[in-house]
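Student: As input, take coords-v7.cif (mmCIF, N, CA and C atoms):
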```
data_my_file
loop_
_atom_site.label_atom_id
_atom_site.label_comp_id
_atom_site.auth_asym_id
_atom_site.auth_seq_id
_atom_site.Cartn_x
_atom_site.Cartn_y
_atom_site.Cartn_z
N MET A 24 85.40 288.74 -21.34
CA MET A 24 85.83 287.63 -22.16
C MET A 24 86.63 288.16 -23.34
N PRO A 25 87.87 287.67 -23.57
CA PRO A 25 88.69 288.18 -24.66
C PRO A 25 88.13 287.80 -26.02
N PHE A 26 88.34 288.66 -26.96
CA PHE A 26 87.89 288.43 -28.33
C PHE A 26 89.12 288.18 -29.18
N THR A 27 89.15 287.06 -29.88
CA THR A 27 90.30 286.76 -30.73
C THR A 27 89.87 286.67 -32.18
N VAL A 28 90.76 287.05 -33.03
CA VAL A 28 90.52 287.01 -34.46
C VAL A 28 91.56 286.09 -35.08
N THR A 29 91.08 285.14 -35.89
CA THR A 29 91.99 284.26 -36.60
C THR A 29 92.27 284.87 -37.97
N PRO A 30 93.53 285.17 -38.27
CA PRO A 30 93.82 285.80 -39.55
C PRO A 30 93.55 284.86 -40.72
N ALA A 31 93.09 285.43 -41.81
CA ALA A 31 92.85 284.65 -43.02
C ALA A 31 94.18 284.30 -43.67
N LYS A 32 94.15 283.27 -44.49
CA LYS A 32 95.35 282.91 -45.23
C LYS A 32 95.61 284.03 -46.24
N ALA A 33 96.86 284.46 -46.33
CA ALA A 33 97.21 285.58 -47.20
C ALA A 33 96.81 285.28 -48.65
N GLY A 34 96.06 286.19 -49.23
CA GLY A 34 95.68 286.06 -50.63
C GLY A 34 94.55 285.08 -50.88
N VAL A 35 93.94 284.52 -49.84
CA VAL A 35 92.87 283.54 -50.02
C VAL A 35 91.67 283.99 -49.19
N SER A 36 90.51 283.95 -49.79
CA SER A 36 89.32 284.33 -49.04
C SER A 36 88.11 283.56 -49.53
N GLY A 37 87.05 283.58 -48.73
CA GLY A 37 85.77 283.02 -49.12
C GLY A 37 85.83 281.58 -49.57
N ALA A 38 85.26 281.33 -50.75
CA ALA A 38 85.16 279.98 -51.30
C ALA A 38 86.53 279.35 -51.52
N ASP A 39 87.53 280.16 -51.86
CA ASP A 39 88.88 279.62 -52.07
C ASP A 39 89.45 279.04 -50.77
N ALA A 40 89.21 279.72 -49.66
CA ALA A 40 89.69 279.22 -48.37
C ALA A 40 88.99 277.92 -48.00
N LEU A 41 87.67 277.86 -48.26
CA LEU A 41 86.92 276.64 -47.98
C LEU A 41 87.46 275.50 -48.85
N GLN A 42 87.75 275.79 -50.10
CA GLN A 42 88.29 274.77 -51.01
C GLN A 42 89.62 274.24 -50.49
N LEU A 43 90.48 275.10 -49.99
CA LEU A 43 91.77 274.67 -49.44
C LEU A 43 91.56 273.77 -48.21
N ASP A 44 90.62 274.16 -47.33
CA ASP A 44 90.35 273.35 -46.15
C ASP A 44 89.83 271.98 -46.53
N MET A 45 88.96 271.91 -47.54
CA MET A 45 88.39 270.63 -47.96
C MET A 45 89.43 269.73 -48.62
N ALA A 46 90.48 270.32 -49.20
CA ALA A 46 91.49 269.54 -49.90
C ALA A 46 92.49 268.89 -48.94
N ARG A 47 92.40 269.21 -47.64
CA ARG A 47 93.27 268.55 -46.67
C ARG A 47 92.99 267.06 -46.68
N GLY A 48 93.96 266.30 -46.23
CA GLY A 48 93.77 264.86 -46.14
C GLY A 48 92.82 264.47 -45.04
N GLY A 49 92.47 263.20 -45.01
CA GLY A 49 91.57 262.70 -43.99
C GLY A 49 91.74 261.20 -43.82
N TYR A 50 90.99 260.64 -42.91
CA TYR A 50 91.07 259.22 -42.60
C TYR A 50 89.68 258.64 -42.42
N THR A 51 89.47 257.44 -42.92
CA THR A 51 88.32 256.65 -42.50
C THR A 51 88.87 255.65 -41.50
N TYR A 52 88.04 255.27 -40.54
CA TYR A 52 88.53 254.37 -39.50
C TYR A 52 87.40 253.52 -38.96
N VAL A 53 87.78 252.42 -38.32
CA VAL A 53 86.82 251.52 -37.70
C VAL A 53 87.20 251.33 -36.24
N MET A 54 86.22 251.52 -35.36
CA MET A 54 86.37 251.27 -33.93
C MET A 54 85.51 250.06 -33.59
N THR A 55 85.93 249.30 -32.57
CA THR A 55 85.14 248.17 -32.09
C THR A 55 85.40 247.97 -30.61
N ASN A 56 84.66 247.04 -30.02
CA ASN A 56 84.85 246.70 -28.61
C ASN A 56 85.59 245.37 -28.44
N LYS A 57 85.55 244.53 -29.47
CA LYS A 57 86.21 243.22 -29.44
C LYS A 57 86.23 242.67 -30.85
N PRO A 58 87.02 241.63 -31.13
CA PRO A 58 87.02 241.04 -32.46
C PRO A 58 85.60 240.63 -32.88
N ARG A 59 85.22 241.06 -34.07
CA ARG A 59 83.89 240.78 -34.64
C ARG A 59 82.75 241.34 -33.79
N GLY A 60 83.05 242.36 -32.98
CA GLY A 60 82.04 242.97 -32.13
C GLY A 60 81.28 244.06 -32.86
N VAL A 61 80.78 245.01 -32.10
CA VAL A 61 80.07 246.16 -32.66
C VAL A 61 81.07 247.00 -33.44
N LEU A 62 80.67 247.46 -34.63
CA LEU A 62 81.56 248.25 -35.48
C LEU A 62 81.05 249.68 -35.60
N TYR A 63 81.99 250.61 -35.57
CA TYR A 63 81.70 252.03 -35.81
C TYR A 63 82.63 252.49 -36.91
N ILE A 64 82.08 253.09 -37.94
CA ILE A 64 82.88 253.63 -39.04
C ILE A 64 82.81 255.14 -38.96
N GLY A 65 83.98 255.78 -38.97
CA GLY A 65 84.03 257.22 -38.86
C GLY A 65 85.00 257.84 -39.86
N VAL A 66 84.99 259.16 -39.90
CA VAL A 66 85.88 259.92 -40.76
C VAL A 66 86.40 261.10 -39.96
N THR A 67 87.66 261.44 -40.17
CA THR A 67 88.26 262.56 -39.45
C THR A 67 89.43 263.11 -40.25
N ALA A 68 89.78 264.35 -39.98
CA ALA A 68 90.99 264.95 -40.55
C ALA A 68 92.18 264.74 -39.62
N ASP A 69 91.90 264.32 -38.37
CA ASP A 69 92.97 264.19 -37.37
C ASP A 69 92.76 262.93 -36.53
N ILE A 70 93.23 261.81 -37.02
CA ILE A 70 93.02 260.53 -36.35
C ILE A 70 93.74 260.48 -35.00
N ALA A 71 94.86 261.16 -34.88
CA ALA A 71 95.62 261.15 -33.62
C ALA A 71 94.85 261.81 -32.48
N THR A 72 93.93 262.70 -32.80
CA THR A 72 93.09 263.34 -31.79
C THR A 72 91.77 262.59 -31.63
N ARG A 73 91.20 262.16 -32.73
CA ARG A 73 89.86 261.56 -32.71
C ARG A 73 89.81 260.22 -31.98
N ALA A 74 90.74 259.32 -32.24
CA ALA A 74 90.71 257.99 -31.62
C ALA A 74 90.79 258.06 -30.09
N PRO A 75 91.67 258.88 -29.51
CA PRO A 75 91.68 258.99 -28.05
C PRO A 75 90.36 259.53 -27.49
N HIS A 76 89.68 260.39 -28.23
CA HIS A 76 88.37 260.88 -27.79
C HIS A 76 87.39 259.71 -27.67
N HIS A 77 87.41 258.83 -28.65
CA HIS A 77 86.52 257.66 -28.59
C HIS A 77 86.86 256.80 -27.38
N ARG A 78 88.15 256.59 -27.15
CA ARG A 78 88.56 255.74 -26.02
C ARG A 78 88.13 256.33 -24.68
N LYS A 79 88.11 257.67 -24.59
CA LYS A 79 87.70 258.33 -23.35
C LYS A 79 86.18 258.47 -23.23
N GLY A 80 85.46 258.09 -24.29
CA GLY A 80 84.00 258.20 -24.26
C GLY A 80 83.47 259.54 -24.67
N THR A 81 84.33 260.39 -25.26
CA THR A 81 83.89 261.71 -25.70
C THR A 81 83.84 261.85 -27.22
N GLY A 82 84.12 260.78 -27.94
CA GLY A 82 84.17 260.85 -29.41
C GLY A 82 82.82 260.81 -30.07
N SER A 83 81.94 259.92 -29.62
CA SER A 83 80.58 259.84 -30.14
C SER A 83 79.73 259.11 -29.13
N ALA A 84 78.45 259.41 -29.14
CA ALA A 84 77.52 258.75 -28.22
C ALA A 84 77.45 257.25 -28.51
N PHE A 85 77.53 256.89 -29.78
CA PHE A 85 77.46 255.48 -30.17
C PHE A 85 78.64 254.70 -29.60
N CYS A 86 79.85 255.23 -29.77
CA CYS A 86 81.05 254.56 -29.24
C CYS A 86 81.00 254.47 -27.72
N LYS A 87 80.53 255.51 -27.09
CA LYS A 87 80.43 255.49 -25.63
C LYS A 87 79.42 254.44 -25.17
N LYS A 88 78.26 254.40 -25.83
CA LYS A 88 77.20 253.46 -25.46
C LYS A 88 77.67 252.01 -25.53
N TYR A 89 78.43 251.67 -26.57
CA TYR A 89 78.84 250.29 -26.79
C TYR A 89 80.28 250.00 -26.36
N GLY A 90 80.95 250.96 -25.76
CA GLY A 90 82.31 250.74 -25.28
C GLY A 90 83.31 250.46 -26.39
N LEU A 91 83.19 251.20 -27.47
CA LEU A 91 84.07 251.00 -28.63
C LEU A 91 85.36 251.78 -28.43
N THR A 92 86.38 251.10 -27.97
CA THR A 92 87.64 251.76 -27.62
C THR A 92 88.82 251.26 -28.45
N ARG A 93 88.58 250.27 -29.28
CA ARG A 93 89.67 249.64 -30.04
C ARG A 93 89.65 250.13 -31.49
N LEU A 94 90.71 250.81 -31.90
CA LEU A 94 90.87 251.28 -33.28
C LEU A 94 91.47 250.14 -34.09
N VAL A 95 90.70 249.55 -35.00
CA VAL A 95 91.17 248.35 -35.70
C VAL A 95 91.47 248.55 -37.18
N LEU A 96 91.08 249.68 -37.73
CA LEU A 96 91.38 249.94 -39.14
C LEU A 96 91.47 251.44 -39.37
N VAL A 97 92.49 251.86 -40.10
CA VAL A 97 92.66 253.26 -40.49
C VAL A 97 93.05 253.29 -41.95
N GLU A 98 92.33 254.10 -42.72
CA GLU A 98 92.65 254.29 -44.13
C GLU A 98 92.93 255.77 -44.39
N PRO A 99 94.15 256.11 -44.77
CA PRO A 99 94.46 257.51 -45.08
C PRO A 99 93.98 257.90 -46.48
N HIS A 100 93.60 259.16 -46.63
CA HIS A 100 93.16 259.70 -47.92
C HIS A 100 93.81 261.05 -48.12
N ASP A 101 94.17 261.37 -49.35
CA ASP A 101 94.82 262.64 -49.67
C ASP A 101 93.87 263.83 -49.57
N ASP A 102 92.59 263.57 -49.67
CA ASP A 102 91.58 264.63 -49.70
C ASP A 102 90.44 264.23 -48.76
N ILE A 103 90.00 265.12 -47.90
CA ILE A 103 88.94 264.81 -46.95
C ILE A 103 87.66 264.40 -47.66
N ARG A 104 87.43 264.92 -48.85
CA ARG A 104 86.23 264.54 -49.60
C ARG A 104 86.26 263.07 -49.97
N LEU A 105 87.45 262.54 -50.27
CA LEU A 105 87.59 261.12 -50.56
C LEU A 105 87.34 260.29 -49.31
N ALA A 106 87.80 260.78 -48.17
CA ALA A 106 87.56 260.09 -46.90
C ALA A 106 86.07 260.04 -46.58
N ILE A 107 85.37 261.14 -46.81
CA ILE A 107 83.93 261.20 -46.56
C ILE A 107 83.19 260.24 -47.48
N ALA A 108 83.57 260.21 -48.74
CA ALA A 108 82.93 259.29 -49.70
C ALA A 108 83.18 257.83 -49.30
N ARG A 109 84.40 257.53 -48.86
CA ARG A 109 84.72 256.17 -48.43
C ARG A 109 83.91 255.78 -47.20
N GLU A 110 83.77 256.71 -46.25
CA GLU A 110 82.97 256.44 -45.05
C GLU A 110 81.54 256.09 -45.44
N LYS A 111 80.95 256.87 -46.32
CA LYS A 111 79.57 256.61 -46.74
C LYS A 111 79.46 255.26 -47.43
N ALA A 112 80.44 254.93 -48.26
CA ALA A 112 80.42 253.64 -48.95
C ALA A 112 80.53 252.48 -47.94
N LEU A 113 81.46 252.60 -47.00
CA LEU A 113 81.64 251.53 -46.00
C LEU A 113 80.39 251.35 -45.15
N LYS A 114 79.73 252.42 -44.80
CA LYS A 114 78.52 252.32 -44.00
C LYS A 114 77.41 251.58 -44.74
N ALA A 115 77.45 251.61 -46.07
CA ALA A 115 76.45 250.91 -46.88
C ALA A 115 76.78 249.43 -47.07
N TRP A 116 78.00 249.04 -46.75
CA TRP A 116 78.42 247.65 -46.92
C TRP A 116 77.68 246.73 -45.95
N LYS A 117 77.62 245.44 -46.33
CA LYS A 117 77.13 244.41 -45.43
C LYS A 117 78.16 244.22 -44.32
N ARG A 118 77.68 243.80 -43.16
CA ARG A 118 78.54 243.59 -42.00
C ARG A 118 79.70 242.64 -42.30
N GLU A 119 79.44 241.54 -42.96
CA GLU A 119 80.49 240.57 -43.26
C GLU A 119 81.58 241.17 -44.15
N TRP A 120 81.22 242.07 -45.04
CA TRP A 120 82.22 242.73 -45.89
C TRP A 120 83.13 243.59 -45.03
N LYS A 121 82.53 244.29 -44.07
CA LYS A 121 83.31 245.15 -43.17
C LYS A 121 84.27 244.30 -42.33
N ILE A 122 83.76 243.19 -41.82
CA ILE A 122 84.60 242.29 -41.02
C ILE A 122 85.75 241.76 -41.86
N ARG A 123 85.48 241.37 -43.09
CA ARG A 123 86.53 240.87 -43.99
C ARG A 123 87.58 241.96 -44.24
N LEU A 124 87.14 243.19 -44.44
CA LEU A 124 88.07 244.31 -44.66
C LEU A 124 89.01 244.47 -43.47
N VAL A 125 88.45 244.46 -42.26
CA VAL A 125 89.28 244.60 -41.06
C VAL A 125 90.24 243.42 -40.95
N GLU A 126 89.73 242.21 -41.15
CA GLU A 126 90.57 241.02 -40.97
C GLU A 126 91.68 240.90 -42.01
N GLU A 127 91.46 241.45 -43.21
CA GLU A 127 92.53 241.45 -44.22
C GLU A 127 93.68 242.37 -43.79
N ALA A 128 93.35 243.48 -43.17
CA ALA A 128 94.37 244.45 -42.75
C ALA A 128 94.89 244.17 -41.33
N ASN A 129 94.06 243.60 -40.49
CA ASN A 129 94.38 243.45 -39.07
C ASN A 129 93.75 242.15 -38.56
N PRO A 130 94.31 240.99 -38.94
CA PRO A 130 93.67 239.70 -38.62
C PRO A 130 93.46 239.43 -37.13
N ASP A 131 94.28 240.03 -36.28
CA ASP A 131 94.15 239.81 -34.83
C ASP A 131 93.25 240.85 -34.15
N TRP A 132 92.70 241.77 -34.91
CA TRP A 132 91.86 242.84 -34.39
C TRP A 132 92.60 243.61 -33.29
N ARG A 133 93.90 243.79 -33.51
CA ARG A 133 94.74 244.50 -32.54
C ARG A 133 94.42 246.00 -32.57
N ASP A 134 94.48 246.64 -31.42
CA ASP A 134 94.29 248.08 -31.35
C ASP A 134 95.46 248.75 -32.03
N MET A 135 95.19 249.51 -33.08
CA MET A 135 96.23 250.13 -33.89
C MET A 135 96.69 251.47 -33.33
N SER A 136 96.13 251.90 -32.24
CA SER A 136 96.53 253.19 -31.65
C SER A 136 98.01 253.23 -31.37
N ASP A 137 98.57 252.12 -30.91
CA ASP A 137 100.00 252.07 -30.60
C ASP A 137 100.86 252.30 -31.84
N VAL A 138 100.41 251.81 -32.97
CA VAL A 138 101.16 251.92 -34.22
C VAL A 138 101.07 253.33 -34.80
N ILE A 139 99.90 253.94 -34.68
CA ILE A 139 99.65 255.22 -35.32
C ILE A 139 100.20 256.39 -34.53
N PHE A 140 100.11 256.36 -33.21
CA PHE A 140 100.45 257.52 -32.40
C PHE A 140 101.83 257.41 -31.84
#
```
Can the structure in the file be given as structure tokens, please?

Tutor:
Amino acid sequence: MPFTVTPAKAGVSGADALQLDMARGGYTYVMTNKPRGVLYIGVTADIATRAPHHRKGTGSAFCKKYGLTRLVLVEPHDDIRLAIAREKALKAWKREWKIRLVEEANPDWRDMSDVIF
């Protein structure tokens, strides 16, 4: 089995490299199976890869179990830490608040994958 080494960023090591990785942007997103159906709130640094995984049933056990294949809301963030904080906040919201958020941005609950990718 070949052994590969990923080179470090020049002049950056340890905690500094971790800090740079954390400062990358991210996305919070909502998946569903139908308008006002089961909701899944997630966070990712790469929405273009993550959403197709959910649609194929490999993104999360929850999405696979409930057939959540429709990406109905995406919120970009400049820093992944902000995306993580937003995800936690949204998960604490009441269901009706989440539905209102989606409907304000996407009243027809259209799959946004076509727009994003």

Student: To one decimal place, how far is atom C of A:Gly65 from atom C of A:Asp134 in Å?

Tutor: 15.9 Å

Student: Name the residues captured by the PyMOL selection byres (((chain A and resi 71 and name CA) around 12) and name CA) when it is applied to the shown file; answer as a PDB file with N, CA and C atoms, keeping the file's coordinate frame.

Tutor:
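The resulting file, part_17.pdb, is reproduced below:
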```
ATOM      1  N   GLY A  49      92.470 263.200 -45.010  1.00  0.00           N
ATOM      2  CA  GLY A  49      91.570 262.700 -43.990  1.00  0.00           C
ATOM      3  C   GLY A  49      91.740 261.200 -43.820  1.00  0.00           C
ATOM      4  N   TYR A  50      90.990 260.640 -42.910  1.00  0.00           N
ATOM      5  CA  TYR A  50      91.070 259.220 -42.600  1.00  0.00           C
ATOM      6  C   TYR A  50      89.680 258.640 -42.420  1.00  0.00           C
ATOM      7  N   TYR A  52      88.040 255.270 -40.540  1.00  0.00           N
ATOM      8  CA  TYR A  52      88.530 254.370 -39.500  1.00  0.00           C
ATOM      9  C   TYR A  52      87.400 253.520 -38.960  1.00  0.00           C
ATOM     10  N   THR A  67      87.660 261.440 -40.170  1.00  0.00           N
ATOM     11  CA  THR A  67      88.260 262.560 -39.450  1.00  0.00           C
ATOM     12  C   THR A  67      89.430 263.110 -40.250  1.00  0.00           C
ATOM     13  N   ALA A  68      89.780 264.350 -39.980  1.00  0.00           N
ATOM     14  CA  ALA A  68      90.990 264.950 -40.550  1.00  0.00           C
ATOM     15  C   ALA A  68      92.180 264.740 -39.620  1.00  0.00           C
ATOM     16  N   ASP A  69      91.900 264.320 -38.370  1.00  0.00           N
ATOM     17  CA  ASP A  69      92.970 264.190 -37.370  1.00  0.00           C
ATOM     18  C   ASP A  69      92.760 262.930 -36.530  1.00  0.00           C
ATOM     19  N   ILE A  70      93.230 261.810 -37.020  1.00  0.00           N
ATOM     20  CA  ILE A  70      93.020 260.530 -36.350  1.00  0.00           C
ATOM     21  C   ILE A  70      93.740 260.480 -35.000  1.00  0.00           C
ATOM     22  N   THR A  72      93.930 262.700 -32.800  1.00  0.00           N
ATOM     23  CA  THR A  72      93.090 263.340 -31.790  1.00  0.00           C
ATOM     24  C   THR A  72      91.770 262.590 -31.630  1.00  0.00           C
ATOM     25  N   ARG A  73      91.200 262.160 -32.730  1.00  0.00           N
ATOM     26  CA  ARG A  73      89.860 261.560 -32.710  1.00  0.00           C
ATOM     27  C   ARG A  73      89.810 260.220 -31.980  1.00  0.00           C
ATOM     28  N   ALA A  74      90.740 259.320 -32.240  1.00  0.00           N
ATOM     29  CA  ALA A  74      90.710 257.990 -31.620  1.00  0.00           C
ATOM     30  C   ALA A  74      90.790 258.060 -30.090  1.00  0.00           C
ATOM     31  N   PRO A  75      91.670 258.880 -29.510  1.00  0.00           N
ATOM     32  CA  PRO A  75      91.680 258.990 -28.050  1.00  0.00           C
ATOM     33  C   PRO A  75      90.360 259.530 -27.490  1.00  0.00           C
ATOM     34  N   HIS A  76      89.680 260.390 -28.230  1.00  0.00           N
ATOM     35  CA  HIS A  76      88.370 260.880 -27.790  1.00  0.00           C
ATOM     36  C   HIS A  76      87.390 259.710 -27.670  1.00  0.00           C
ATOM     37  N   HIS A  77      87.410 258.830 -28.650  1.00  0.00           N
ATOM     38  CA  HIS A  77      86.520 257.660 -28.590  1.00  0.00           C
ATOM     39  C   HIS A  77      86.860 256.800 -27.380  1.00  0.00           C
ATOM     40  N   ARG A  78      88.150 256.590 -27.150  1.00  0.00           N
ATOM     41  CA  ARG A  78      88.560 255.740 -26.020  1.00  0.00           C
ATOM     42  C   ARG A  78      88.130 256.330 -24.680  1.00  0.00           C
ATOM     43  N   LEU A  94      90.710 250.810 -31.900  1.00  0.00           N
ATOM     44  CA  LEU A  94      90.870 251.280 -33.280  1.00  0.00           C
ATOM     45  C   LEU A  94      91.470 250.140 -34.090  1.00  0.00           C
ATOM     46  N   VAL A  97      92.490 251.860 -40.100  1.00  0.00           N
ATOM     47  CA  VAL A  97      92.660 253.260 -40.490  1.00  0.00           C
ATOM     48  C   VAL A  97      93.050 253.290 -41.950  1.00  0.00           C
ATOM     49  N   MET A 135      95.190 249.510 -33.080  1.00  0.00           N
ATOM     50  CA  MET A 135      96.230 250.130 -33.890  1.00  0.00           C
ATOM     51  C   MET A 135      96.690 251.470 -33.330  1.00  0.00           C
ATOM     52  N   SER A 136      96.130 251.900 -32.240  1.00  0.00           N
ATOM     53  CA  SER A 136      96.530 253.190 -31.650  1.00  0.00           C
ATOM     54  C   SER A 136      98.010 253.230 -31.370  1.00  0.00           C
ATOM     55  N   ASP A 137      98.570 252.120 -30.910  1.00  0.00           N
ATOM     56  CA  ASP A 137     100.000 252.070 -30.600  1.00  0.00           C
ATOM     57  C   ASP A 137     100.860 252.300 -31.840  1.00  0.00           C
ATOM     58  N   VAL A 138     100.410 251.810 -32.970  1.00  0.00           N
ATOM     59  CA  VAL A 138     101.160 251.920 -34.220  1.00  0.00           C
ATOM     60  C   VAL A 138     101.070 253.330 -34.800  1.00  0.00           C
ATOM     61  N   ILE A 139      99.900 253.940 -34.680  1.00  0.00           N
ATOM     62  CA  ILE A 139      99.650 255.220 -35.320  1.00  0.00           C
ATOM     63  C   ILE A 139     100.200 256.390 -34.530  1.00  0.00           C
ATOM     64  N   PHE A 140     100.110 256.360 -33.210  1.00  0.00           N
ATOM     65  CA  PHE A 140     100.450 257.520 -32.400  1.00  0.00           C
ATOM     66  C   PHE A 140     101.830 257.410 -31.840  1.00  0.00           C
TER      67      PHE A 140
END
```

Student: Which value, in Å to one decimal, gives the distance between atom N of A:Arg59 and atom CA of A:Lys87?

Tutor: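 These atoms are spaced 17.4 Å apart.
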
Student: Where does the PyMOL selection byres (((chain A and resi 108-116 and name CA) around 9) and name CA) land in this file, that is, which residues does it pick, as a ChimeraX atom specification?

Tutor: /A:50-52,63-66,103-107,117-121

Student: When you draw a straight line from atom C of A:Leu96 to atom N of A:Trp132, how long is it in Å?

Tutor: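 If I compute the distance from atom C of A:Leu96 to atom N of A:Trp132, I get 10.7 Å.
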